[in-house]
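Next up, query-v6.csv (CSV, C-alpha atoms):
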```
chain,number,residue,atom,x,y,z
W,1,MET,CA,0.0,0.0,0.0
W,2,PRO,CA,1.5,3.4,-0.9
W,3,ALA,CA,2.5,5.6,2.0
W,4,ALA,CA,-0.1,8.2,1.2
W,5,ASP,CA,-2.9,5.6,1.3
W,6,THR,CA,-1.7,4.3,4.6
W,7,LYS,CA,-1.8,7.8,6.0
W,8,ASN,CA,-5.3,8.5,4.8
W,9,ASN,CA,-6.5,5.1,6.1
W,10,ASN,CA,-5.1,5.9,9.6
W,11,LYS,CA,-6.8,9.3,9.5
W,12,ASN,CA,-10.1,7.7,8.5
W,13,LYS,CA,-9.8,5.2,11.4
W,14,ILE,CA,-9.1,8.1,13.8
W,15,GLU,CA,-12.1,10.1,12.6
W,16,TYR,CA,-14.4,7.1,12.7
W,17,GLY,CA,-13.3,6.4,16.2
W,18,GLU,CA,-14.0,9.9,17.3
W,19,ASN,CA,-17.4,9.9,15.7
W,20,ALA,CA,-18.2,6.6,17.3
W,21,MET,CA,-17.4,8.0,20.7
W,22,LYS,CA,-19.5,11.1,20.0
W,23,MET,CA,-22.4,8.9,18.9
W,24,SER,CA,-22.1,6.7,21.9
W,25,LYS,CA,-22.5,9.8,24.1
W,26,LEU,CA,-25.5,11.0,22.1
W,27,LEU,CA,-27.4,7.7,21.7
W,28,PRO,CA,-28.8,7.6,25.3
W,29,GLY,CA,-30.2,11.2,24.9
W,30,LEU,CA,-31.6,10.4,21.4
W,31,ALA,CA,-33.2,7.2,22.7
W,32,LEU,CA,-34.8,9.1,25.6
W,33,ALA,CA,-36.1,11.8,23.2
W,34,ALA,CA,-37.5,9.1,20.9
W,35,THR,CA,-39.2,7.4,23.9
W,36,LEU,CA,-40.7,10.7,25.1
W,37,ALA,CA,-41.9,11.5,21.6
W,38,ALA,CA,-43.6,8.1,21.2
W,39,ALA,CA,-45.2,8.2,24.7
W,40,PRO,CA,-48.8,9.2,24.8
W,41,VAL,CA,-49.7,12.6,26.3
W,42,VAL,CA,-50.9,12.1,29.9
W,43,ALA,CA,-54.2,13.9,30.3
W,44,LYS,CA,-54.9,16.2,33.2
W,45,GLU,CA,-58.2,15.1,34.8
W,46,LEU,CA,-59.9,18.0,36.5
W,47,ARG,CA,-62.6,17.4,39.2
W,48,VAL,CA,-65.7,19.6,38.6
W,49,ALA,CA,-68.3,20.3,41.3
W,50,ASN,CA,-71.7,21.3,40.1
W,51,ILE,CA,-74.0,22.2,43.0
W,52,LEU,CA,-77.1,21.7,40.9
W,53,GLY,CA,-78.7,18.5,39.6
W,54,SER,CA,-77.5,16.3,36.7
W,55,GLU,CA,-80.5,17.3,34.6
W,56,GLY,CA,-81.3,20.6,33.0
W,57,ALA,CA,-79.7,23.6,31.5
W,58,VAL,CA,-76.7,24.0,33.9
W,59,ALA,CA,-75.8,20.3,33.7
W,60,GLU,CA,-75.9,20.6,29.9
W,61,GLY,CA,-73.5,23.6,30.1
W,62,TYR,CA,-71.0,21.6,32.2
W,63,ASP,CA,-71.2,18.7,29.8
W,64,TYR,CA,-70.5,21.1,26.9
W,65,PHE,CA,-67.6,22.7,28.7
W,66,ALA,CA,-65.9,19.4,29.5
W,67,GLU,CA,-66.4,18.0,26.0
W,68,LYS,CA,-65.1,21.1,24.2
W,69,VAL,CA,-62.1,21.7,26.5
W,70,LYS,CA,-61.1,18.1,25.9
W,71,GLU,CA,-61.5,18.6,22.2
W,72,LYS,CA,-59.5,21.9,22.0
W,73,THR,CA,-56.7,20.5,24.1
W,74,ASP,CA,-56.5,17.3,22.0
W,75,GLY,CA,-57.3,15.2,25.1
W,76,GLY,CA,-54.8,17.1,27.3
W,77,ILE,CA,-57.6,18.1,29.7
W,78,THR,CA,-60.4,15.8,30.7
W,79,MET,CA,-63.0,16.5,33.4
W,80,GLU,CA,-64.7,14.3,36.0
W,81,LEU,CA,-68.1,15.9,36.5
W,82,THR,CA,-70.1,15.5,39.7
W,83,HIS,CA,-73.6,17.0,40.1
W,84,GLY,CA,-76.0,17.7,42.9
W,85,GLY,CA,-73.5,18.9,45.4
W,86,LEU,CA,-72.0,15.4,45.8
W,87,LEU,CA,-68.4,16.6,45.7
W,88,LEU,CA,-68.9,20.1,47.1
W,89,ASN,CA,-72.2,21.7,48.2
W,90,ALA,CA,-73.0,25.4,47.6
W,91,SER,CA,-71.4,26.4,50.9
W,92,GLY,CA,-68.3,24.3,50.4
W,93,VAL,CA,-67.2,25.6,47.0
W,94,LEU,CA,-65.6,28.8,48.3
W,95,THR,CA,-62.9,26.9,50.3
W,96,GLY,CA,-63.2,23.5,48.6
W,97,VAL,CA,-61.9,24.6,45.3
W,98,PRO,CA,-58.7,26.4,46.5
W,99,ASP,CA,-58.1,23.5,49.0
W,100,GLY,CA,-58.0,21.1,46.1
W,101,ILE,CA,-61.2,19.1,46.7
W,102,ALA,CA,-62.3,20.2,43.3
W,103,ASP,CA,-60.4,22.0,40.5
W,104,ILE,CA,-63.6,23.8,39.2
W,105,GLY,CA,-66.7,24.6,41.1
W,106,PHE,CA,-70.0,26.4,40.9
W,107,LEU,CA,-69.4,29.5,43.0
W,108,VAL,CA,-72.5,31.5,44.1
W,109,PRO,CA,-71.3,34.9,45.3
W,110,PRO,CA,-74.5,35.9,47.2
W,111,TYR,CA,-73.8,33.0,49.6
W,112,PHE,CA,-70.6,34.9,50.6
W,113,PRO,CA,-71.5,38.6,51.0
W,114,GLY,CA,-68.5,39.3,53.3
W,115,GLU,CA,-65.9,37.6,51.0
W,116,LEU,CA,-67.2,38.9,47.6
W,117,PRO,CA,-68.6,42.4,48.3
W,118,GLU,CA,-67.6,43.9,44.9
W,119,PHE,CA,-69.2,41.0,42.9
W,120,ASN,CA,-72.4,41.1,45.1
W,121,LEU,CA,-72.8,44.9,44.6
W,122,ILE,CA,-73.6,44.2,41.0
W,123,GLY,CA,-75.1,40.8,41.2
W,124,ASN,CA,-77.7,41.9,43.7
W,125,ALA,CA,-79.0,44.5,41.1
W,126,SER,CA,-80.2,41.7,38.8
W,127,ILE,CA,-83.8,42.4,40.0
W,128,VAL,CA,-83.9,44.9,37.2
W,129,GLY,CA,-83.3,42.3,34.5
W,130,ARG,CA,-85.7,40.5,32.2
W,131,ASP,CA,-83.4,39.1,29.5
W,132,ALA,CA,-81.1,36.2,30.2
W,133,ALA,CA,-78.9,36.7,27.2
W,134,ALA,CA,-78.3,40.4,27.8
W,135,MET,CA,-77.8,40.0,31.6
W,136,THR,CA,-75.3,37.3,31.0
W,137,GLY,CA,-73.2,39.6,28.8
W,138,ALA,CA,-73.6,42.6,31.2
W,139,ILE,CA,-72.3,40.9,34.3
W,140,SER,CA,-69.6,38.9,32.6
W,141,GLU,CA,-68.2,42.0,31.0
W,142,TYR,CA,-68.4,44.0,34.2
W,143,ILE,CA,-66.6,41.4,36.3
W,144,PHE,CA,-63.8,40.8,33.7
W,145,THR,CA,-63.2,44.6,33.6
W,146,CYS,CA,-63.5,45.2,37.4
W,147,GLU,CA,-60.1,45.0,39.0
W,148,PRO,CA,-61.4,44.8,42.6
W,149,CYS,CA,-63.8,42.0,41.6
W,150,LEU,CA,-61.0,40.0,40.1
W,151,GLU,CA,-58.7,40.7,43.1
W,152,GLU,CA,-61.2,39.4,45.6
W,153,HIS,CA,-61.6,36.3,43.5
W,154,SER,CA,-57.9,35.8,43.4
W,155,GLU,CA,-57.4,36.4,47.1
W,156,LEU,CA,-59.9,33.6,47.7
W,157,GLY,CA,-57.9,31.2,45.4
W,158,HIS,CA,-60.4,31.3,42.5
W,159,VAL,CA,-60.2,32.3,38.9
W,160,TYR,CA,-63.3,33.8,37.2
W,161,LEU,CA,-64.3,32.6,33.7
W,162,GLY,CA,-67.8,34.2,33.3
W,163,SER,CA,-71.4,34.3,34.6
W,164,TYR,CA,-74.7,33.3,33.2
W,165,SER,CA,-78.2,34.7,33.9
W,166,THR,CA,-81.4,32.8,34.4
W,167,THR,CA,-84.6,33.7,32.7
W,168,PRO,CA,-87.0,35.8,34.9
W,169,TYR,CA,-87.8,34.6,38.4
W,170,HIS,CA,-91.4,33.8,39.4
W,171,ILE,CA,-93.1,32.8,42.6
W,172,GLN,CA,-93.3,29.0,42.7
W,173,GLY,CA,-95.3,27.8,45.8
W,174,THR,CA,-97.8,25.7,47.5
W,175,ARG,CA,-100.5,28.3,47.6
W,176,PRO,CA,-101.8,31.0,45.2
W,177,ALA,CA,-99.9,34.3,45.1
W,178,GLY,CA,-101.5,36.5,42.4
W,179,THR,CA,-102.5,39.5,44.5
W,180,ILE,CA,-100.8,41.9,46.8
W,181,GLU,CA,-102.9,40.6,49.7
W,182,SER,CA,-101.9,37.0,49.0
W,183,LEU,CA,-98.2,37.8,49.5
W,184,LYS,CA,-98.6,38.9,53.1
W,185,GLY,CA,-97.1,36.5,55.6
W,186,MET,CA,-95.8,34.2,52.8
W,187,LYS,CA,-92.4,32.6,53.7
W,188,MET,CA,-90.4,32.9,50.5
W,189,ARG,CA,-86.9,31.5,49.7
W,190,VAL,CA,-84.9,34.2,48.1
W,191,GLY,CA,-81.5,34.1,46.5
W,192,LEU,CA,-80.6,37.8,46.6
W,193,PRO,CA,-81.0,40.6,49.1
W,194,SER,CA,-82.9,42.6,46.4
W,195,GLN,CA,-85.4,39.7,46.2
W,196,GLY,CA,-85.6,39.7,50.0
W,197,ARG,CA,-86.4,43.4,50.0
W,198,TRP,CA,-89.1,42.8,47.4
W,199,ALA,CA,-90.7,40.1,49.5
W,200,GLU,CA,-90.7,42.2,52.6
W,201,HIS,CA,-92.0,45.2,50.7
W,202,PHE,CA,-95.2,43.2,50.0
W,203,GLY,CA,-95.5,41.8,53.5
W,204,GLY,CA,-93.8,38.5,52.9
W,205,ILE,CA,-91.0,36.9,54.9
W,206,ARG,CA,-87.6,36.4,53.3
W,207,VAL,CA,-85.9,33.1,53.9
W,208,ALA,CA,-82.3,33.0,52.7
W,209,ILE,CA,-81.3,29.4,52.1
W,210,PRO,CA,-79.2,27.9,49.3
W,211,GLY,CA,-81.1,27.0,46.2
W,212,PRO,CA,-80.5,23.2,46.5
W,213,GLU,CA,-82.1,23.2,49.9
W,214,ALA,CA,-85.3,24.9,48.7
W,215,PHE,CA,-87.0,21.6,47.5
W,216,GLU,CA,-86.8,20.1,51.0
W,217,ALA,CA,-87.8,23.3,52.7
W,218,MET,CA,-90.9,23.7,50.5
W,219,SER,CA,-91.9,20.0,50.7
W,220,THR,CA,-91.7,20.0,54.5
W,221,GLY,CA,-93.7,23.3,54.8
W,222,THR,CA,-90.7,25.3,56.2
W,223,ILE,CA,-91.4,27.8,53.4
W,224,ASP,CA,-94.4,28.5,51.3
W,225,ALA,CA,-92.7,29.4,48.1
W,226,VAL,CA,-89.4,30.0,46.2
W,227,LEU,CA,-88.4,32.7,43.8
W,228,PHE,CA,-87.0,30.7,41.0
W,229,SER,CA,-86.9,30.7,37.2
W,230,PHE,CA,-88.9,28.2,35.3
W,231,ALA,CA,-85.8,26.1,34.6
W,232,GLU,CA,-85.5,25.3,38.3
W,233,PHE,CA,-88.4,23.0,37.7
W,234,PHE,CA,-85.7,20.7,36.5
W,235,ASN,CA,-82.4,22.0,37.9
W,236,GLN,CA,-83.9,22.1,41.5
W,237,SER,CA,-86.8,19.6,41.1
W,238,THR,CA,-89.4,22.2,42.2
W,239,VAL,CA,-91.8,20.7,39.7
W,240,GLU,CA,-92.3,17.9,42.2
W,241,VAL,CA,-93.6,20.1,45.0
W,242,ALA,CA,-94.9,23.4,43.6
W,243,THR,CA,-98.7,23.6,43.0
W,244,HIS,CA,-98.8,27.2,41.8
W,245,VAL,CA,-96.6,29.5,39.8
W,246,THR,CA,-97.3,33.2,39.5
W,247,LEU,CA,-96.4,34.7,36.1
W,248,LEU,CA,-94.9,37.9,37.6
W,249,PRO,CA,-91.3,38.6,36.6
W,250,ILE,CA,-89.2,39.5,39.6
W,251,GLY,CA,-85.8,40.1,38.0
W,252,VAL,CA,-83.3,37.4,37.1
W,253,PHE,CA,-80.4,35.7,38.9
W,254,ASN,CA,-77.0,36.3,37.3
W,255,SER,CA,-74.8,36.4,40.3
W,256,THR,CA,-73.1,33.2,39.3
W,257,ALA,CA,-69.6,31.8,38.5
W,258,PRO,CA,-70.2,28.2,37.3
W,259,PHE,CA,-66.7,27.6,36.1
W,260,SER,CA,-64.7,29.0,39.0
W,261,VAL,CA,-61.2,27.5,38.7
W,262,SER,CA,-58.7,26.8,41.5
W,263,LYS,CA,-55.9,29.4,41.1
W,264,THR,CA,-53.4,26.6,41.8
W,265,THR,CA,-54.9,24.5,39.0
W,266,TRP,CA,-55.0,27.5,36.6
W,267,ARG,CA,-51.4,28.3,37.1
W,268,ASP,CA,-50.4,24.6,36.5
W,269,LEU,CA,-52.1,24.7,33.1
W,270,SER,CA,-50.2,25.6,29.9
W,271,VAL,CA,-51.0,28.9,28.1
W,272,SER,CA,-52.7,27.0,25.4
W,273,GLU,CA,-54.8,25.0,28.0
W,274,ARG,CA,-55.9,28.3,29.7
W,275,ALA,CA,-56.7,29.7,26.3
W,276,ALA,CA,-58.9,26.7,25.5
W,277,MET,CA,-60.9,27.2,28.8
W,278,LEU,CA,-61.3,30.9,28.1
W,279,GLU,CA,-62.5,30.2,24.6
W,280,VAL,CA,-65.0,27.5,25.5
W,281,ALA,CA,-66.5,29.3,28.5
W,282,PRO,CA,-68.6,31.9,26.6
W,283,TYR,CA,-70.1,29.1,24.5
W,284,ALA,CA,-70.8,27.0,27.5
W,285,LEU,CA,-72.5,30.0,29.2
W,286,ALA,CA,-74.6,30.5,26.0
W,287,LYS,CA,-75.5,26.8,26.2
W,288,ILE,CA,-76.9,27.4,29.7
W,289,VAL,CA,-78.8,30.5,28.6
W,290,ALA,CA,-80.3,28.5,25.7
W,291,GLY,CA,-81.3,25.8,28.1
W,292,TYR,CA,-83.1,28.3,30.4
W,293,GLU,CA,-85.0,29.8,27.5
W,294,ARG,CA,-86.0,26.3,26.3
W,295,ASP,CA,-87.1,25.3,29.8
W,296,VAL,CA,-89.6,28.2,30.1
W,297,THR,CA,-91.7,26.5,27.4
W,298,ARG,CA,-90.9,23.1,28.6
W,299,ALA,CA,-91.9,23.9,32.2
W,300,LYS,CA,-95.2,25.5,31.2
W,301,LYS,CA,-96.1,22.3,29.3
W,302,VAL,CA,-95.2,20.1,32.2
W,303,ALA,CA,-97.1,22.3,34.6
W,304,GLY,CA,-100.2,21.8,32.5
W,305,GLU,CA,-99.7,18.0,32.5
W,306,ARG,CA,-99.3,17.9,36.3
W,307,GLY,CA,-102.1,20.3,37.1
W,308,ILE,CA,-99.8,23.0,38.4
W,309,GLU,CA,-101.7,26.3,38.2
W,310,LEU,CA,-100.1,29.1,36.3
W,311,ILE,CA,-101.5,32.3,37.9
W,312,LYS,CA,-101.8,35.6,36.1
W,313,PRO,CA,-101.0,38.4,38.6
W,314,SER,CA,-103.5,41.1,39.2
W,315,PRO,CA,-102.9,44.5,37.5
W,316,GLU,CA,-102.4,46.1,40.9
W,317,LEU,CA,-99.6,43.6,41.8
W,318,VAL,CA,-97.9,44.1,38.4
W,319,LYS,CA,-98.0,47.9,38.8
W,320,ALA,CA,-96.8,47.8,42.4
W,321,SER,CA,-94.0,45.4,41.6
W,322,ASN,CA,-92.7,47.4,38.7
W,323,GLU,CA,-92.7,50.6,40.7
W,324,TYR,CA,-90.8,48.9,43.6
W,325,ILE,CA,-88.2,47.4,41.3
W,326,GLU,CA,-87.4,50.9,39.9
W,327,THR,CA,-86.4,52.0,43.4
W,328,ASP,CA,-84.5,49.0,44.6
W,329,VAL,CA,-81.2,49.7,42.9
W,330,LYS,CA,-80.7,52.8,45.1
W,331,LEU,CA,-81.6,50.7,48.2
W,332,GLY,CA,-79.1,48.1,47.1
W,333,ILE,CA,-76.3,50.6,46.9
W,334,GLU,CA,-77.2,52.0,50.3
W,335,GLU,CA,-77.2,48.5,51.8
W,336,ALA,CA,-73.9,47.5,50.2
W,337,VAL,CA,-72.2,50.7,51.5
W,338,ARG,CA,-73.6,50.2,55.0
W,339,THR,CA,-72.8,46.5,55.4
W,340,THR,CA,-69.6,46.1,53.4
W,341,GLY,CA,-68.1,49.6,53.0
W,342,VAL,CA,-67.7,49.1,49.2
W,343,GLU,CA,-66.3,52.3,47.7
W,344,ASN,CA,-67.6,54.3,44.8
W,345,ALA,CA,-70.7,52.2,44.7
W,346,GLU,CA,-72.9,54.7,42.8
W,347,ALA,CA,-70.3,55.0,40.0
W,348,LYS,CA,-69.9,51.3,39.8
W,349,MET,CA,-73.6,50.7,39.6
W,350,GLU,CA,-73.9,53.4,36.9
W,351,ARG,CA,-71.3,51.6,34.8
W,352,TYR,CA,-73.2,48.3,35.2
W,353,MET,CA,-76.5,49.8,34.2
W,354,GLY,CA,-74.8,51.2,31.1
W,355,LEU,CA,-73.5,47.7,30.3
W,356,ILE,CA,-77.1,46.3,30.6
W,357,GLU,CA,-78.3,48.8,28.0
W,358,LYS,CA,-75.3,47.9,25.8
W,359,TRP,CA,-76.0,44.2,26.0
W,360,LYS,CA,-79.7,44.7,25.4
W,361,LYS,CA,-78.7,46.2,22.0
W,362,LEU,CA,-76.0,43.6,21.3
W,363,THR,CA,-78.4,40.7,21.9
W,364,ALA,CA,-81.5,42.3,20.4
W,365,ASP,CA,-81.1,40.5,17.0
W,366,VAL,CA,-79.5,37.3,18.3
W,367,ASP,CA,-81.6,34.2,18.9
W,368,PRO,CA,-80.9,33.1,22.5
W,369,MET,CA,-81.4,29.5,21.4
W,370,ASP,CA,-78.5,29.9,18.9
W,371,THR,CA,-75.6,28.8,21.1
W,372,ASP,CA,-73.0,29.4,18.4
W,373,ALA,CA,-74.1,32.9,17.6
W,374,LEU,CA,-74.6,33.9,21.3
W,375,GLY,CA,-71.3,32.3,22.3
W,376,ALA,CA,-69.5,34.1,19.5
W,377,LEU,CA,-70.9,37.4,20.7
W,378,TYR,CA,-69.7,36.9,24.3
W,379,TRP,CA,-66.3,35.7,23.0
W,380,ARG,CA,-65.8,38.7,20.8
W,381,HIS,CA,-66.7,41.3,23.4
W,382,ILE,CA,-65.6,39.6,26.6
W,383,GLN,CA,-63.4,36.5,27.0
W,384,GLY,CA,-61.7,37.0,23.6
W,385,LYS,CA,-60.1,40.2,25.1
W,386,VAL,CA,-58.5,38.3,28.0
W,387,ASP,CA,-54.8,37.3,27.6
W,388,PRO,CA,-54.4,33.7,28.7
W,389,GLU,CA,-50.7,34.2,29.3
W,390,THR,CA,-51.1,36.8,32.0
W,391,TYR,CA,-54.6,36.5,33.3
W,392,ALA,CA,-54.9,35.4,36.9
W,393,VAL,CA,-51.3,34.0,37.1
W,394,GLN,CA,-49.9,36.6,39.6
```
Kindly return the structure encoded in the file as structure tokens.
Amino acid sequence: MPAADTKNNNKNKIEYGENAMKMSKLLPGLALAATLAAAPVVAKELRVANILGSEGAVAEGYDYFAEKVKEKTDGGITMELTHGGLLLNASGVLTGVPDGIADIGFLVPPYFPGELPEFNLIGNASIVGRDAAAMTGAISEYIFTCEPCLEEHSELGHVYLGSYSTTPYHIQGTRPAGTIESLKGMKMRVGLPSQGRWAEHFGGIRVAIPGPEAFEAMSTGTIDAVLFSFAEFFNQSTVEVATHVTLLPIGVFNSTAPFSVSKTTWRDLSVSERAAMLEVAPYALAKIVAGYERDVTRAKKVAGERGIELIKPSPELVKASNEYIETDVKLGIEEAVRTTGVENAEAKMERYMGLIEKWKKLTADVDPMDTDALGALYWRHIQGKVDPETYAVQ
């Protein structure tokens, strides 16, 4: 072999040996990378506590939320849904979510007036509402743009994703309540201070108990009636005990946070996972609104089948109720300032009333039964403006 060839051959052997050594060092890392790439993504299963029943509009909203979040995260997030307060009841959600018993819970701010004064200032004014779609948009936009509201949520270990509104509340009871006289002495379960003031204004007795306890209270005679929307025929099973429903609208209930996320859980999610939750939430809220609207018709049909009397209120009661409701917002402001010391209450309420008018116009031409259209409207004006990278991570 010529000298030059021998030299080149030795050089090739040296280079090959060095490359082999380099490869031997790289192979374990490459093998690990290949293993990780081939391994299936381990889904995060989140525990969800719905305080209402497994049937009806709210349950459908939770089912939709779980399904769509799983879809948008490619299976990265799944949810174990529990209904009827089995995991956490209405009173337990406030501490149970940040304590890790559930990752997501149905938070009802009126049950916690001392802890959530900013939220309740606005939520308690829902007695002025008549339209579920508009009132959903108004309160959701207000809370997302209210720094004190978000701060009190955060301090409690919760992350807010939006609120929904019921359809109008009516008196569902075990005796007729169609006149001013018939309301005197009637023990009524109320969900908001404003509804309690309404009851007392007409000589009734306000009974403040959680909604899920209303069925038992009315079936045992502890109370005579509940102020509930028609959908609660199914969400709260009042169809089983009510014998009369007075068709007098007494505001709505939109002081809700059905998808209240543990702050610890939220921070552990990736930006894309948080983005998925923010994107799905407005459509899930629209799903609930559509369910409430549907259940108005459904409940009236069931009432007829079961012999539940639908009472037309007297003109005197309608007039007196409307006149009272016009004055209650001012009373609510005074009560909030006196009991919680919330600051700038009048200016905050004025902003909220402006948002109600804004959302009446925005939803005027949207079919509340069209979940896609209504959800897209909420997304465009509310959750779509929230940055998932920075929201609620401090």
For this session: To one decimal in Å, tell me the separation between atom CA of Ile122 of chain W and atom CA of Leu285 of chain W.
Result: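 Computed distance, atom CA of Ile122 of chain W to atom CA of Leu285 of chain W, equals 18.5 Å.
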Exercise. Once you count only C-alpha atoms, which residues end up no further than 6 Å from (-99.3, 37.8, 37.9) in the file's frame, shown as number ranges by chain?
Worked result: W: 178, 246-248, 311-314
Exercise. Pick from W:Val97, W:Thr390, W:Asp372, W:Leu121: nearest to Glu346 of chain W, with only C-alpha atoms counted?
Worked result: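 Closest candidate: W:Leu121.
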Exercise. Which polymer residues have any atom within 9 Å of an atom of Ser54 of chain W, counting only C-alpha atoms, with same-chain residues fewer than 5 positions away left out, as a ChimeraX atom specification?
Worked result: /W:59-60,82-84,235
Exercise. Which is closer to Pro113 of chain W than all the others in W:Ile143, W:Met188, W:Leu310, W:Val342, using all atoms listed in the file?
Worked result: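 Under the stated criterion, the closest residue is W:Val342.
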Problem set entry | Distance criterion (only C-alpha atoms): nearest to Leu269 of chain W out of W:Ala43, W:Ala217, W:Ile180, W:Leu377 |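 Among the listed residues, the smallest separation from Leu269 of chain W belongs to W:Ala43.
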Output requested as a PDB file, in the coordinates of the input - segment 338-361 of chain W, filled out with N, CA and C atoms.
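The new file result_17.pdb reads:
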```
ATOM      1  N   ARG W 338     -73.436  50.341  53.512  1.00  0.00           N
ATOM      2  CA  ARG W 338     -73.600  50.200  55.000  1.00  0.00           C
ATOM      3  C   ARG W 338     -73.046  48.938  55.520  1.00  0.00           C
ATOM      4  N   THR W 339     -73.216  47.845  54.808  1.00  0.00           N
ATOM      5  CA  THR W 339     -72.800  46.500  55.400  1.00  0.00           C
ATOM      6  C   THR W 339     -71.436  46.090  54.978  1.00  0.00           C
ATOM      7  N   THR W 340     -70.908  46.553  53.832  1.00  0.00           N
ATOM      8  CA  THR W 340     -69.600  46.100  53.400  1.00  0.00           C
ATOM      9  C   THR W 340     -68.579  47.200  53.223  1.00  0.00           C
ATOM     10  N   GLY W 341     -69.045  48.452  53.165  1.00  0.00           N
ATOM     11  CA  GLY W 341     -68.100  49.600  53.000  1.00  0.00           C
ATOM     12  C   GLY W 341     -67.532  49.655  51.597  1.00  0.00           C
ATOM     13  N   VAL W 342     -68.161  49.019  50.609  1.00  0.00           N
ATOM     14  CA  VAL W 342     -67.700  49.100  49.200  1.00  0.00           C
ATOM     15  C   VAL W 342     -67.599  50.543  48.784  1.00  0.00           C
ATOM     16  N   GLU W 343     -66.505  50.896  48.105  1.00  0.00           N
ATOM     17  CA  GLU W 343     -66.300  52.300  47.700  1.00  0.00           C
ATOM     18  C   GLU W 343     -66.789  52.582  46.305  1.00  0.00           C
ATOM     19  N   ASN W 344     -67.141  53.846  46.081  1.00  0.00           N
ATOM     20  CA  ASN W 344     -67.600  54.300  44.800  1.00  0.00           C
ATOM     21  C   ASN W 344     -68.744  53.475  44.215  1.00  0.00           C
ATOM     22  N   ALA W 345     -69.637  53.084  45.101  1.00  0.00           N
ATOM     23  CA  ALA W 345     -70.700  52.200  44.700  1.00  0.00           C
ATOM     24  C   ALA W 345     -71.632  52.772  43.650  1.00  0.00           C
ATOM     25  N   GLU W 346     -71.948  54.048  43.754  1.00  0.00           N
ATOM     26  CA  GLU W 346     -72.900  54.700  42.800  1.00  0.00           C
ATOM     27  C   GLU W 346     -72.243  54.664  41.386  1.00  0.00           C
ATOM     28  N   ALA W 347     -70.955  55.003  41.283  1.00  0.00           N
ATOM     29  CA  ALA W 347     -70.300  55.000  40.000  1.00  0.00           C
ATOM     30  C   ALA W 347     -70.210  53.624  39.387  1.00  0.00           C
ATOM     31  N   LYS W 348     -69.949  52.639  40.225  1.00  0.00           N
ATOM     32  CA  LYS W 348     -69.900  51.300  39.800  1.00  0.00           C
ATOM     33  C   LYS W 348     -71.223  50.779  39.246  1.00  0.00           C
ATOM     34  N   MET W 349     -72.266  51.136  39.988  1.00  0.00           N
ATOM     35  CA  MET W 349     -73.600  50.700  39.600  1.00  0.00           C
ATOM     36  C   MET W 349     -74.003  51.432  38.271  1.00  0.00           C
ATOM     37  N   GLU W 350     -73.619  52.671  38.139  1.00  0.00           N
ATOM     38  CA  GLU W 350     -73.900  53.400  36.900  1.00  0.00           C
ATOM     39  C   GLU W 350     -73.256  52.735  35.707  1.00  0.00           C
ATOM     40  N   ARG W 351     -72.017  52.299  35.899  1.00  0.00           N
ATOM     41  CA  ARG W 351     -71.300  51.600  34.800  1.00  0.00           C
ATOM     42  C   ARG W 351     -72.033  50.306  34.453  1.00  0.00           C
ATOM     43  N   TYR W 352     -72.480  49.576  35.472  1.00  0.00           N
ATOM     44  CA  TYR W 352     -73.200  48.300  35.200  1.00  0.00           C
ATOM     45  C   TYR W 352     -74.486  48.533  34.494  1.00  0.00           C
ATOM     46  N   MET W 353     -75.242  49.550  34.899  1.00  0.00           N
ATOM     47  CA  MET W 353     -76.500  49.800  34.200  1.00  0.00           C
ATOM     48  C   MET W 353     -76.263  50.199  32.758  1.00  0.00           C
ATOM     49  N   GLY W 354     -75.152  50.865  32.499  1.00  0.00           N
ATOM     50  CA  GLY W 354     -74.800  51.200  31.100  1.00  0.00           C
ATOM     51  C   GLY W 354     -74.492  49.906  30.330  1.00  0.00           C
ATOM     52  N   LEU W 355     -73.844  48.935  30.979  1.00  0.00           N
ATOM     53  CA  LEU W 355     -73.500  47.700  30.300  1.00  0.00           C
ATOM     54  C   LEU W 355     -74.821  46.875  30.020  1.00  0.00           C
ATOM     55  N   ILE W 356     -75.787  46.964  30.913  1.00  0.00           N
ATOM     56  CA  ILE W 356     -77.100  46.300  30.600  1.00  0.00           C
ATOM     57  C   ILE W 356     -77.694  46.837  29.374  1.00  0.00           C
ATOM     58  N   GLU W 357     -77.700  48.161  29.235  1.00  0.00           N
ATOM     59  CA  GLU W 357     -78.300  48.800  28.000  1.00  0.00           C
ATOM     60  C   GLU W 357     -77.458  48.383  26.794  1.00  0.00           C
ATOM     61  N   LYS W 358     -76.135  48.352  26.938  1.00  0.00           N
ATOM     62  CA  LYS W 358     -75.300  47.900  25.800  1.00  0.00           C
ATOM     63  C   LYS W 358     -75.608  46.533  25.370  1.00  0.00           C
ATOM     64  N   TRP W 359     -75.772  45.613  26.342  1.00  0.00           N
ATOM     65  CA  TRP W 359     -76.000  44.200  26.000  1.00  0.00           C
ATOM     66  C   TRP W 359     -77.444  43.964  25.521  1.00  0.00           C
ATOM     67  N   LYS W 360     -78.367  44.794  25.926  1.00  0.00           N
ATOM     68  CA  LYS W 360     -79.700  44.700  25.400  1.00  0.00           C
ATOM     69  C   LYS W 360     -79.669  44.936  23.849  1.00  0.00           C
ATOM     70  N   LYS W 361     -78.866  45.917  23.453  1.00  0.00           N
ATOM     71  CA  LYS W 361     -78.700  46.200  22.000  1.00  0.00           C
ATOM     72  C   LYS W 361     -77.951  45.141  21.294  1.00  0.00           C
TER      73      LYS W 361
END
```
